[in-house]
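Structure file run-v1.tsv (TSV, C-alpha atoms) is printed below.
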chain	number	residue	atom	x	y	z
A	203	MET	CA	119.11	73.25	95.39
A	204	PRO	CA	118.49	73.13	99.16
A	205	PRO	CA	116.41	70.22	100.46
A	206	PRO	CA	112.76	71.00	101.12
A	207	PRO	CA	111.81	71.68	104.72
A	208	SER	CA	110.31	68.92	106.80
A	209	PRO	CA	107.51	69.15	109.36
A	210	SER	CA	109.29	68.82	112.67
A	211	SER	CA	108.59	71.72	114.99
A	212	VAL	CA	105.22	70.49	116.20
A	213	SER	CA	106.26	66.87	116.56
A	214	GLU	CA	109.38	67.89	118.48
A	215	THR	CA	107.31	70.20	120.66
A	216	LYS	CA	104.88	67.36	121.35
A	217	LYS	CA	107.69	65.02	122.38
A	218	SER	CA	109.50	67.49	124.58
A	219	ASP	CA	106.46	69.19	126.10
A	220	ASP	CA	105.02	67.22	128.99
A	221	ARG	CA	102.34	69.80	129.82
A	222	ALA	CA	98.73	68.86	129.25
A	223	CYS	CA	97.47	70.90	126.32
A	224	ASP	CA	94.25	70.34	124.45
A	225	PRO	CA	94.91	67.48	121.99
A	226	ALA	CA	92.71	69.24	119.44
A	227	THR	CA	95.14	72.14	119.26
A	228	TYR	CA	98.07	69.78	118.75
A	229	ASP	CA	96.13	67.96	116.05
A	230	TYR	CA	95.15	71.20	114.32
A	231	THR	CA	98.70	72.51	114.50
A	232	ALA	CA	100.13	69.28	113.12
A	233	ARG	CA	97.59	69.16	110.28
A	234	VAL	CA	98.29	72.74	109.20
A	235	GLU	CA	102.03	72.15	109.35
A	236	LEU	CA	101.81	68.88	107.42
A	237	GLU	CA	99.68	70.41	104.68
A	238	LEU	CA	102.01	73.40	104.46
A	239	TYR	CA	105.03	71.18	103.86
A	240	ARG	CA	103.16	68.99	101.40
A	241	LEU	CA	102.23	72.10	99.44
A	242	ILE	CA	105.76	73.46	99.61
A	243	ASN	CA	107.21	70.18	98.37
A	244	GLU	CA	104.81	70.12	95.43
A	245	MET	CA	105.37	73.73	94.46
A	246	ILE	CA	109.18	73.81	94.61
A	247	LYS	CA	109.72	70.93	92.20
A	248	ASP	CA	111.93	71.98	89.27
A	249	LYS	CA	112.35	75.55	90.53
A	250	THR	CA	115.47	77.62	91.04
A	251	VAL	CA	116.86	78.33	94.51
A	252	THR	CA	115.54	81.89	94.38
A	253	GLU	CA	112.09	80.73	93.33
A	254	ASN	CA	112.12	78.10	96.10
A	255	ARG	CA	112.92	80.69	98.75
A	256	THR	CA	110.17	82.99	97.51
A	257	ILE	CA	107.58	80.19	97.34
A	258	ILE	CA	108.47	78.96	100.83
A	259	LYS	CA	108.32	82.48	102.28
A	260	VAL	CA	104.92	83.23	100.74
A	261	LEU	CA	103.39	79.88	101.69
A	262	LYS	CA	104.62	80.11	105.29
A	263	SER	CA	103.21	83.61	105.57
A	264	GLN	CA	99.84	82.46	104.24
A	265	ALA	CA	99.84	79.40	106.52
A	266	LYS	CA	100.59	81.61	109.51
A	267	ASN	CA	97.59	83.83	108.74
A	268	ILE	CA	95.25	80.89	108.14
A	269	PHE	CA	96.50	79.16	111.30
A	270	VAL	CA	95.86	82.21	113.48
A	271	ASP	CA	92.40	82.85	112.05
A	272	GLU	CA	91.17	79.44	113.24
A	273	LEU	CA	92.39	79.71	116.86
A	274	TYR	CA	90.42	80.73	119.94
A	275	PHE	CA	89.81	84.47	120.07
A	276	GLN	CA	92.00	84.99	123.17
A	277	ILE	CA	94.93	83.10	121.66
A	278	ARG	CA	94.50	84.75	118.26
A	279	THR	CA	94.59	88.21	119.82
A	280	VAL	CA	97.76	87.50	121.78
A	281	LEU	CA	99.54	85.97	118.78
A	282	ARG	CA	98.72	88.90	116.54
A	283	THR	CA	100.18	91.34	119.04
A	284	MET	CA	103.38	89.26	119.30
A	285	LYS	CA	104.22	89.83	115.60
A	286	LEU	CA	106.11	86.57	115.28
A	287	ASN	CA	108.40	86.13	112.30
A	288	ASN	CA	107.63	82.65	111.07
A	289	PHE	CA	105.17	79.80	111.12
A	290	GLU	CA	107.22	77.66	113.50
A	291	GLU	CA	107.37	80.42	116.12
A	292	MET	CA	103.63	80.97	115.67
A	293	THR	CA	102.72	77.33	116.29
A	294	LYS	CA	104.95	77.09	119.35
A	295	ALA	CA	103.54	80.32	120.79
A	296	ALA	CA	99.97	79.15	120.12
A	297	LEU	CA	100.53	75.97	122.10
A	298	GLU	CA	102.12	77.94	124.95
A	299	GLU	CA	99.27	80.46	124.99
A	300	GLU	CA	96.68	77.73	125.01
A	301	GLN	CA	98.41	76.12	128.00
A	302	ALA	CA	98.43	79.48	129.80
A	303	LEU	CA	94.72	79.93	129.02
A	304	GLU	CA	93.93	76.43	130.31
A	305	ASN	CA	95.93	77.11	133.50
A	306	PHE	CA	94.04	80.36	134.01
A	307	LYS	CA	90.67	78.64	133.53
A	308	THR	CA	91.63	75.89	135.99
A	309	LYS	CA	92.85	78.42	138.54
A	310	SER	CA	89.72	80.56	138.27
A	311	GLU	CA	87.47	77.50	138.55
A	312	ASN	CA	89.27	76.46	141.74
A	313	THR	CA	88.96	79.91	143.32
A	314	ASN	CA	85.25	80.32	142.52
A	315	THR	CA	84.04	78.07	145.31
A	316	ASN	CA	81.07	79.02	147.39
A	317	MET	CA	82.20	80.40	150.76
A	318	TYR	CA	78.92	79.37	152.39
A	319	THR	CA	79.22	75.63	151.78
A	320	LYS	CA	80.63	73.25	154.34
A	321	PRO	CA	84.07	71.82	153.58
Would you mind writing the structure in this file as structure tokens?
Amino acid sequence: MPPPPSPSSVSETKKSDDRACDPATYDYTARVELELYRLINEMIKDKTVTENRTIIKVLKSQAKNIFVDELYFQIRTVLRTMKLNNFEEMTKAALEEEQALENFKTKSENTNTNMYTKP
């Protein structure tokens, strides 16, 4: 029987990504991923390899849908159009999209200065 998966994609992304994303999104992503793997580990006990693969596939698909439903509308819309294959890709893309959204907000705030004020 193959070993159960471990939650690593978010923690590795956190370590390697030095951009400033909203900590709440990282926390939410990590919580969903942790609960997914806890559930997988509980459900695949004493199952065959085929049953394990099916359980993992179904749970990851459900986690992906739940994860997306709780994101900001703009991020959720982009992720749904991307049609990503798995939960790990979805979490990574969500963090990247949130960073892009934050960069856009910062840029638009900086350009919306009043032209009639003194520097």
Please check which residues have atoms at most 10 Å from (96.4, 84.9, 112.5) in the file's coordinates, counting only C-alpha atoms, and write them as a ChimeraX atom specification. /A:263-273,277-283,285,292
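Minimum atom-to-atom distance to Glu235 of chain A, evaluated using all atoms listed in the file, belongs to A:Glu291 out of A:Gln276, A:Phe306, A:Glu299, A:Glu291.
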d(atom CA of Asp229 of chain A, atom CA of Glu300 of chain A) in Å: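 Atom CA of Glu300 of chain A lies at a distance of 13.3 Å from atom CA of Asp229 of chain A.
Residues in contact with Thr227 of chain A at 12 Å, where all atoms listed in the file are counted and same-chain residues fewer than 4 positions away are skipped, are listed as Val212, Lys216, Ala222, Cys223, Thr231, Ala232, Arg233, Val234, Phe269, Val270, Glu272, Leu273, Tyr274, Ile277, Thr293, Lys294, Ala295, Ala296, Leu297, Glu298, Glu299, Glu300, Gln301 and Glu304 of chain A.
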Could you give me the axis-aligned bounding box of segment 253-268 of chain A, with 8 Å of padding per side, as centre plus edge lengths in Å to one decimal, as AutoDock Vina command-line options?
--center_x 104.1 --center_y 81.0 --center_z 101.4 --size_x 33.7 --size_y 21.7 --size_z 32.2
Could you state the separation of atom CA of Arg240 of chain A and atom CA of Met284 of chain A in Å, given to one decimal place? 27.0 Å
Between atom CA of Lys262 of chain A and atom CA of Asn288 of chain A, what is the distance in Å, rounded to a tenth?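 Separation between atom CA of Lys262 of chain A and atom CA of Asn288 of chain A: 7.0 Å.
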